[in-house]
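Q: One structure is given below, represented as structure tokens, and several questions about it will come after.
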Amino acid sequence: MNQYLKKFVKCQIVVGMIVFLFCGRAFGAILSKDMRSKFENMRMAAEVYDRHGRLIGNLCYHRRIWTPIEKIPIILQHAVIAVEDSRFYQHNGVDLRGMARALVKDLIPGGTLQGGSTITQQLAKIVLLSSERTLERKIQDIAYALEIEKNYSKKEILEFYLNSIYLGHGNVGVEAAARYYFGKSVSEVSLDQMALLAGMIRGPEYYSPLKNPKLARERRNTVLRKMLEQKYITPPQNKRAQRQGLNHVLPSQTASVGAYFLDYVHECLLQEGYSEDELRYGGYDIYTTLDLSMEEKAERSLLEIPQFTAKTQPQAALVTIDPVSGEILAMAGGRDYGKSQLNRAVKSYRQPGSAIKPFVYATALEGNYTAASIFEDKPLSIPLLNGMEWKPENYDRTYRGKMTLREALRESINSVAVQLLQRVGVEAVFEQIQRMGITSLVKQGKNNDQNLASLALGGLTKGVTPLELATAYAAFANQGRLVKPVAILKVVDSHGKVLKEFKPEEPKTVLSPQTAYILTMLLKDAVDQGTGIGAKLPDRPAAGKTGTTSDYTNAWFVGYTPDLLTAIWVGNDRQEQRMTYKEGNVGSSLPAKVWGGYMSRVTAFLPVVDFARPEGIVWVDVDPETGQAVPSWFGGKSYKEIFNENNVPEYQITNAYCL
């Protein structure tokens, strides 16, 4: 660089700094009031409570433990200052020397706006909720930094900063990080551990001792050298600390209980019109429908599935709701939030397989069909529009001949489900499923769901989520009334004032109470002695349905007692990948077994009650050959079956019954 260019660069630096400072002061005057409000509430990110008033966690920071500056070791404070802002106690929020170095680099062609940020400016970025690197953004940082220094002492600024920096793996602040990486409070960490934490600020995941131990150690030693240069530690202290290993523990990857639900509540509040600023700084208390003890059992049930051979796949999701109120009582969106934050309970749309069949049966029962209606389980060959033939098979590739709808649903017979759908009508079933709250059906286009394979066997184009399927099944348990799922009860401000109460919507009748009850009895039969027998509870009635898709890519069980409804899905995140475990392919018997174990635990202290029987239900003697009602003298050939009193097939005398 020649002499004239050097002078030009210096001139640019001076002009740039003057512009930056002038604009910063101007912005500071405008933003001062807003900034003070945010800083006064930095400790006040929304807290979320369960239905019994027990704290679930912080809405925005799942792992943050606010710690007063007096309880943060002075050596750790010095380590952070040494590596992040060595002139922290000399500047007024903006370090002109650092800015000069950054501006020189900015003049290099093709360069982006560089750092040079002080601790105060970094804190401003956290408060501003943005990390973009533009000139306008830099001016805003300066404005906030200047105002922060005017309104708060260095001690207060450090407390804000050390409690707000992100330190990897979901940890915010030095206390949460110390507990996560070292298994102890920040007040107990050693010098080498303090240096490690300070070094992670610049790149929390990059310098993580869990992900990159070699880089983490090099970075830690860099911090120690800077501390030595700035006389925060002595040469012997530096030498001893540099000889240390990383000394971190292997933390449990399991996040705090209810982490998936916290994310769901966060999204619900944003949809309700609350801003990120309100949720981070408003000091709100959010009271929810979750039952924390039930949630603990739900997460443990998925985490402890014994047959899986891989650590992260297959995955699983579980949601439990009150079928009468729609309140969400438990929500586990995966086997381990610490390893995967995708909430599969609400965001993973998967084919339901045979779990869709109850909707076909419900549509039929609303018409002239009964539990005693006779069908023939047989091979089918259905011509398609493209000239090909579709030949649906039963899961065991065997056929049983004549059987009732009760038997067909109990054994999940595919051929009968297809024939029933043909008779009832694709359009009628499609509309019934939509009425029952499933909004993900594809109505139009080449791959729409208005076909036999989609509606009879669950091969939906988009699929359904566990929460969506649970909501639809809840109408069976709630005498045909559909209620929307509810997660939040009320929002209370920092002064105890209720800002909003979330009252459940009026239930919508989507089935007659008689149809819902009859279908419940059929699904109870499926649990007692059919495909869902793994879900049978030892002390109380349960009803439910299994579901498995082709090639074992999804497995379901959706079931309910008179009090609770739980949907469980198991599958790989890559939908085309077949699930396997120690004993072979994963079918619906696995989620049924998990459901049974989980529901046994959560209902253990609930009173045993039966499914409420509505008026208009009768049990009648039926001829097994015809599905028709018979008189009492018919003899041992008959059996008892359940009917809507307005839909009992009349007895017809034939020559076969004449003497």
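Numbering starts fresh at 1 for the residues of each chain in the structure tokens, the chains themselves are lettered A, B, ... in the order given, and ligands are numbered from 1 as they appear.
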Quick one: everything within 6 Å of A:Arg220, counting only C-alpha atoms, minus sequence neighbours fewer than 6 positions away in the same chain. Send it as a ChimeraX atom specification.

A: /A:195-196,199

Q: Residues near stretch 630-640 of chain A, anyone? I mean within 8 Å using only C-alpha atoms, not counting same-chain ones fewer than 5 positions away, as a list in words.

A: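 Near neighbours after the sequence-gap exclusion: Trp619, Val620, Asp621, Val622, Asp623, Pro624, Glu650 and Tyr651 of chain A.
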
Q: Atoms to include: N, CA and C atoms. Write the selected residues as a PDB file, in the first residue's frame.

A:
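Generated output (out-v8.pdb):
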```
ATOM      1  N   TRP A 619     -78.940 -54.467  22.697  1.00  0.00           N
ATOM      2  CA  TRP A 619     -78.245 -55.704  22.358  1.00  0.00           C
ATOM      3  C   TRP A 619     -79.308 -56.716  21.930  1.00  0.00           C
ATOM      4  N   VAL A 620     -79.104 -57.335  20.770  1.00  0.00           N
ATOM      5  CA  VAL A 620     -80.123 -58.175  20.165  1.00  0.00           C
ATOM      6  C   VAL A 620     -79.502 -59.504  19.742  1.00  0.00           C
ATOM      7  N   ASP A 621     -80.308 -60.588  19.823  1.00  0.00           N
ATOM      8  CA  ASP A 621     -79.875 -61.892  19.297  1.00  0.00           C
ATOM      9  C   ASP A 621     -79.802 -61.827  17.772  1.00  0.00           C
ATOM     10  N   VAL A 622     -78.712 -62.333  17.216  1.00  0.00           N
ATOM     11  CA  VAL A 622     -78.455 -62.219  15.778  1.00  0.00           C
ATOM     12  C   VAL A 622     -78.129 -63.594  15.196  1.00  0.00           C
ATOM     13  N   ASP A 623     -78.625 -63.814  13.986  1.00  0.00           N
ATOM     14  CA  ASP A 623     -78.288 -65.012  13.227  1.00  0.00           C
ATOM     15  C   ASP A 623     -76.910 -64.806  12.594  1.00  0.00           C
ATOM     16  N   PRO A 624     -75.911 -65.604  12.925  1.00  0.00           N
ATOM     17  CA  PRO A 624     -74.566 -65.406  12.375  1.00  0.00           C
ATOM     18  C   PRO A 624     -74.483 -65.601  10.867  1.00  0.00           C
ATOM     19  N   GLU A 650     -84.369 -56.481  10.472  1.00  0.00           N
ATOM     20  CA  GLU A 650     -85.532 -57.279  10.838  1.00  0.00           C
ATOM     21  C   GLU A 650     -85.316 -58.757  10.527  1.00  0.00           C
ATOM     22  N   TYR A 651     -85.909 -59.580  11.352  1.00  0.00           N
ATOM     23  CA  TYR A 651     -85.844 -61.035  11.183  1.00  0.00           C
ATOM     24  C   TYR A 651     -86.747 -61.464  10.026  1.00  0.00           C
TER      25      TYR A 651
END
```

Q: Using only C-alpha atoms, which residues sit within 12 Å of A:Phe160 once same-chain residues fewer than 6 positions away are excluded, as a PyMOL selection string?

A: chain A and resi 38-43+66-69+72+119-120+122-124+126-127+148+152-154+172-174

Q: Rank A:Tyr180, A:Tyr161, A:Phe611, A:Phe261 by their smallest atom-to-atom distance to A:Thr320, using only C-alpha atoms, and report the top residue only.

A: A:Phe261

Q: Contacts between stretch 498-522 of chain A and stretch 591-613 of chain A, please, where a residue of stretch 591-613 of chain A counts if it comes within 12 Å (with only C-alpha atoms); show its shortest atom pair and distance in Å to one decimal, rows by chain and ascending number, as JSON lines.

A:
```
{"residue": "A:Asp610", "atom": "CA", "partner": "A:Met521", "partner_atom": "CA", "distance": 11.1}
{"residue": "A:Phe611", "atom": "CA", "partner": "A:Tyr517", "partner_atom": "CA", "distance": 8.0}
{"residue": "A:Ala612", "atom": "CA", "partner": "A:Tyr517", "partner_atom": "CA", "distance": 8.0}
{"residue": "A:Arg613", "atom": "CA", "partner": "A:Tyr517", "partner_atom": "CA", "distance": 6.7}
```

Q: Mind pulling up the distance from atom CA of A:Gln351 to atom CA of A:Gly458?

A: 6.0 Å

Q: Grab the atom CA of A:Ser275 to atom CA of A:Val491 distance for me, in Å with one decimal place.

A: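 Separation of atom CA of A:Ser275 and atom CA of A:Val491: 13.5 Å.
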
Q: Using only C-alpha atoms, which of the listed residues (A:Met403, A:Ile56, A:Ala46, A:Ala470) sits closest to A:Asp493?

A: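 Among the listed residues, the smallest separation from A:Asp493 belongs to A:Ala46.
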
Q: Neighbouring residues of stretch 643-648 of chain A were defined as those with any atom within 6 Å, considering only C-alpha atoms; residues of the same chain fewer than 6 positions away were excluded. Please report them as a PyMOL selection string.

A: chain A and resi 514+616-618

Q: So that I can check the secondary structure, give me every residue of stretch 259-504 of chain A assigned alpha helix (DSSP H) by backbone DSSP, as a PyMOL selection string.

A: chain A and resi 259-271+276-281+292-303+344-347+357-366+405-410+414-424+426-435+452-457+466-477

Q: Write out the residues from the selection above, keeping C-alpha atoms, as a tab-separated table (two decimals), in the first residue's frame.

A:
```
chain	number	residue	atom	x	y	z
A	259	ALA	CA	-39.31	-29.34	25.66
A	260	TYR	CA	-41.37	-30.36	22.61
A	261	PHE	CA	-44.49	-28.97	24.25
A	262	LEU	CA	-42.71	-25.67	25.04
A	263	ASP	CA	-41.92	-25.29	21.34
A	264	TYR	CA	-45.56	-26.01	20.48
A	265	VAL	CA	-46.84	-23.44	23.00
A	266	HIS	CA	-44.36	-20.92	21.59
A	267	GLU	CA	-45.75	-21.42	18.08
A	268	CYS	CA	-49.35	-21.24	19.33
A	269	LEU	CA	-48.70	-17.90	21.04
A	270	LEU	CA	-47.05	-16.47	17.92
A	271	GLN	CA	-50.12	-17.54	15.92
A	276	GLU	CA	-41.14	-12.50	20.06
A	277	ASP	CA	-40.33	-9.37	22.07
A	278	GLU	CA	-43.39	-9.88	24.27
A	279	LEU	CA	-42.51	-13.51	24.91
A	280	ARG	CA	-38.86	-12.75	25.67
A	281	TYR	CA	-39.26	-9.60	27.74
A	292	LEU	CA	-46.06	-32.71	33.91
A	293	SER	CA	-46.11	-36.13	35.58
A	294	MET	CA	-47.91	-37.57	32.57
A	295	GLU	CA	-45.39	-35.90	30.28
A	296	GLU	CA	-42.50	-37.49	32.17
A	297	LYS	CA	-44.05	-40.93	31.67
A	298	ALA	CA	-44.68	-40.22	27.97
A	299	GLU	CA	-41.09	-39.21	27.28
A	300	ARG	CA	-39.71	-42.15	29.25
A	301	SER	CA	-41.95	-44.56	27.33
A	302	LEU	CA	-40.47	-43.46	24.00
A	303	LEU	CA	-36.91	-43.20	25.25
A	344	ARG	CA	-43.16	-35.16	15.10
A	345	ALA	CA	-46.37	-35.03	17.13
A	346	VAL	CA	-47.47	-31.94	15.19
A	347	LYS	CA	-45.12	-31.56	12.22
A	357	LYS	CA	-60.39	-47.81	8.87
A	358	PRO	CA	-62.59	-46.67	11.80
A	359	PHE	CA	-63.65	-43.67	9.70
A	360	VAL	CA	-64.88	-45.97	6.94
A	361	TYR	CA	-66.78	-48.05	9.48
A	362	ALA	CA	-68.20	-44.95	11.16
A	363	THR	CA	-69.58	-43.72	7.84
A	364	ALA	CA	-71.16	-47.13	7.22
A	365	LEU	CA	-72.68	-47.32	10.72
A	366	GLU	CA	-74.20	-43.87	10.23
A	405	LEU	CA	-67.98	-56.09	10.24
A	406	ARG	CA	-67.13	-56.58	13.92
A	407	GLU	CA	-64.80	-59.44	13.03
A	408	ALA	CA	-63.33	-57.59	10.06
A	409	LEU	CA	-62.42	-54.51	12.12
A	410	ARG	CA	-61.14	-56.63	15.00
A	414	ASN	CA	-58.14	-55.13	4.19
A	415	SER	CA	-60.44	-56.79	1.66
A	416	VAL	CA	-63.55	-56.04	3.74
A	417	ALA	CA	-62.49	-52.42	4.32
A	418	VAL	CA	-62.13	-51.95	0.55
A	419	GLN	CA	-65.52	-53.57	-0.20
A	420	LEU	CA	-67.21	-51.51	2.53
A	421	LEU	CA	-65.74	-48.31	1.10
A	422	GLN	CA	-66.97	-49.27	-2.36
A	423	ARG	CA	-70.51	-49.71	-1.04
A	424	VAL	CA	-70.60	-46.64	1.19
A	426	VAL	CA	-65.53	-42.72	-1.59
A	427	GLU	CA	-67.04	-39.24	-1.48
A	428	ALA	CA	-69.08	-39.98	1.65
A	429	VAL	CA	-66.07	-41.30	3.56
A	430	PHE	CA	-63.83	-38.47	2.35
A	431	GLU	CA	-66.33	-35.90	3.64
A	432	GLN	CA	-66.76	-37.76	6.95
A	433	ILE	CA	-63.00	-37.76	7.58
A	434	GLN	CA	-62.87	-34.04	6.89
A	435	ARG	CA	-65.78	-33.40	9.26
A	452	LEU	CA	-59.90	-46.74	-2.44
A	453	ALA	CA	-56.25	-47.18	-1.45
A	454	SER	CA	-56.08	-43.87	0.40
A	455	LEU	CA	-59.35	-44.09	2.30
A	456	ALA	CA	-59.67	-47.83	2.96
A	457	LEU	CA	-56.03	-48.67	3.69
A	466	PRO	CA	-50.37	-37.81	15.61
A	467	LEU	CA	-52.21	-34.80	17.06
A	468	GLU	CA	-54.53	-34.62	14.07
A	469	LEU	CA	-55.38	-38.32	14.25
A	470	ALA	CA	-55.84	-38.17	18.02
A	471	THR	CA	-58.25	-35.25	17.65
A	472	ALA	CA	-60.35	-37.18	15.11
A	473	TYR	CA	-60.46	-40.34	17.26
A	474	ALA	CA	-61.53	-38.24	20.23
A	475	ALA	CA	-64.96	-37.88	18.60
A	476	PHE	CA	-65.42	-41.66	19.00
A	477	ALA	CA	-64.63	-41.35	22.71
```

Q: Go through A:Ala629, A:Leu246, A:Ala555, A:Ala143 and flag the residue nearest A:Gln575, using only C-alpha atoms for the distances.

A: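 Smallest separation from A:Gln575 among the options: A:Ala555.
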
Q: For the interface of stretch 308-363 of chain A with stretch 588-604 of chain A (cut-off 12 Å, counting only C-alpha atoms), please tabulate each contacting residue of stretch 308-363 of chain A alongside its nearest pair of atoms and their separation in Å to one decimal, rows sorted by chain and increasing number, as a tab-separated table.

A:
```
residue	atom	partner	partner_atom	distance
A:Phe308	CA	A:Leu590	CA	10.6
A:Pro314	CA	A:Leu590	CA	11.9
A:Gln315	CA	A:Pro591	CA	11.4
A:Ala316	CA	A:Pro591	CA	8.9
A:Ala317	CA	A:Pro591	CA	9.9
A:Leu318	CA	A:Trp595	CA	9.0
A:Val319	CA	A:Trp595	CA	10.6
A:Thr320	CA	A:Met599	CA	9.6
A:Leu329	CA	A:Val602	CA	10.7
A:Ala330	CA	A:Val602	CA	10.5
A:Pro352	CA	A:Ser588	CA	10.7
A:Gly353	CA	A:Ser588	CA	9.7
A:Ser354	CA	A:Ser588	CA	9.6
A:Ala355	CA	A:Ser588	CA	9.8
```

Q: Return the single residue from A:Arg243, A:Glu327, A:Thr234, A:Leu564 that is closest to A:Val483, with distances computed using only C-alpha atoms.

A: A:Glu327
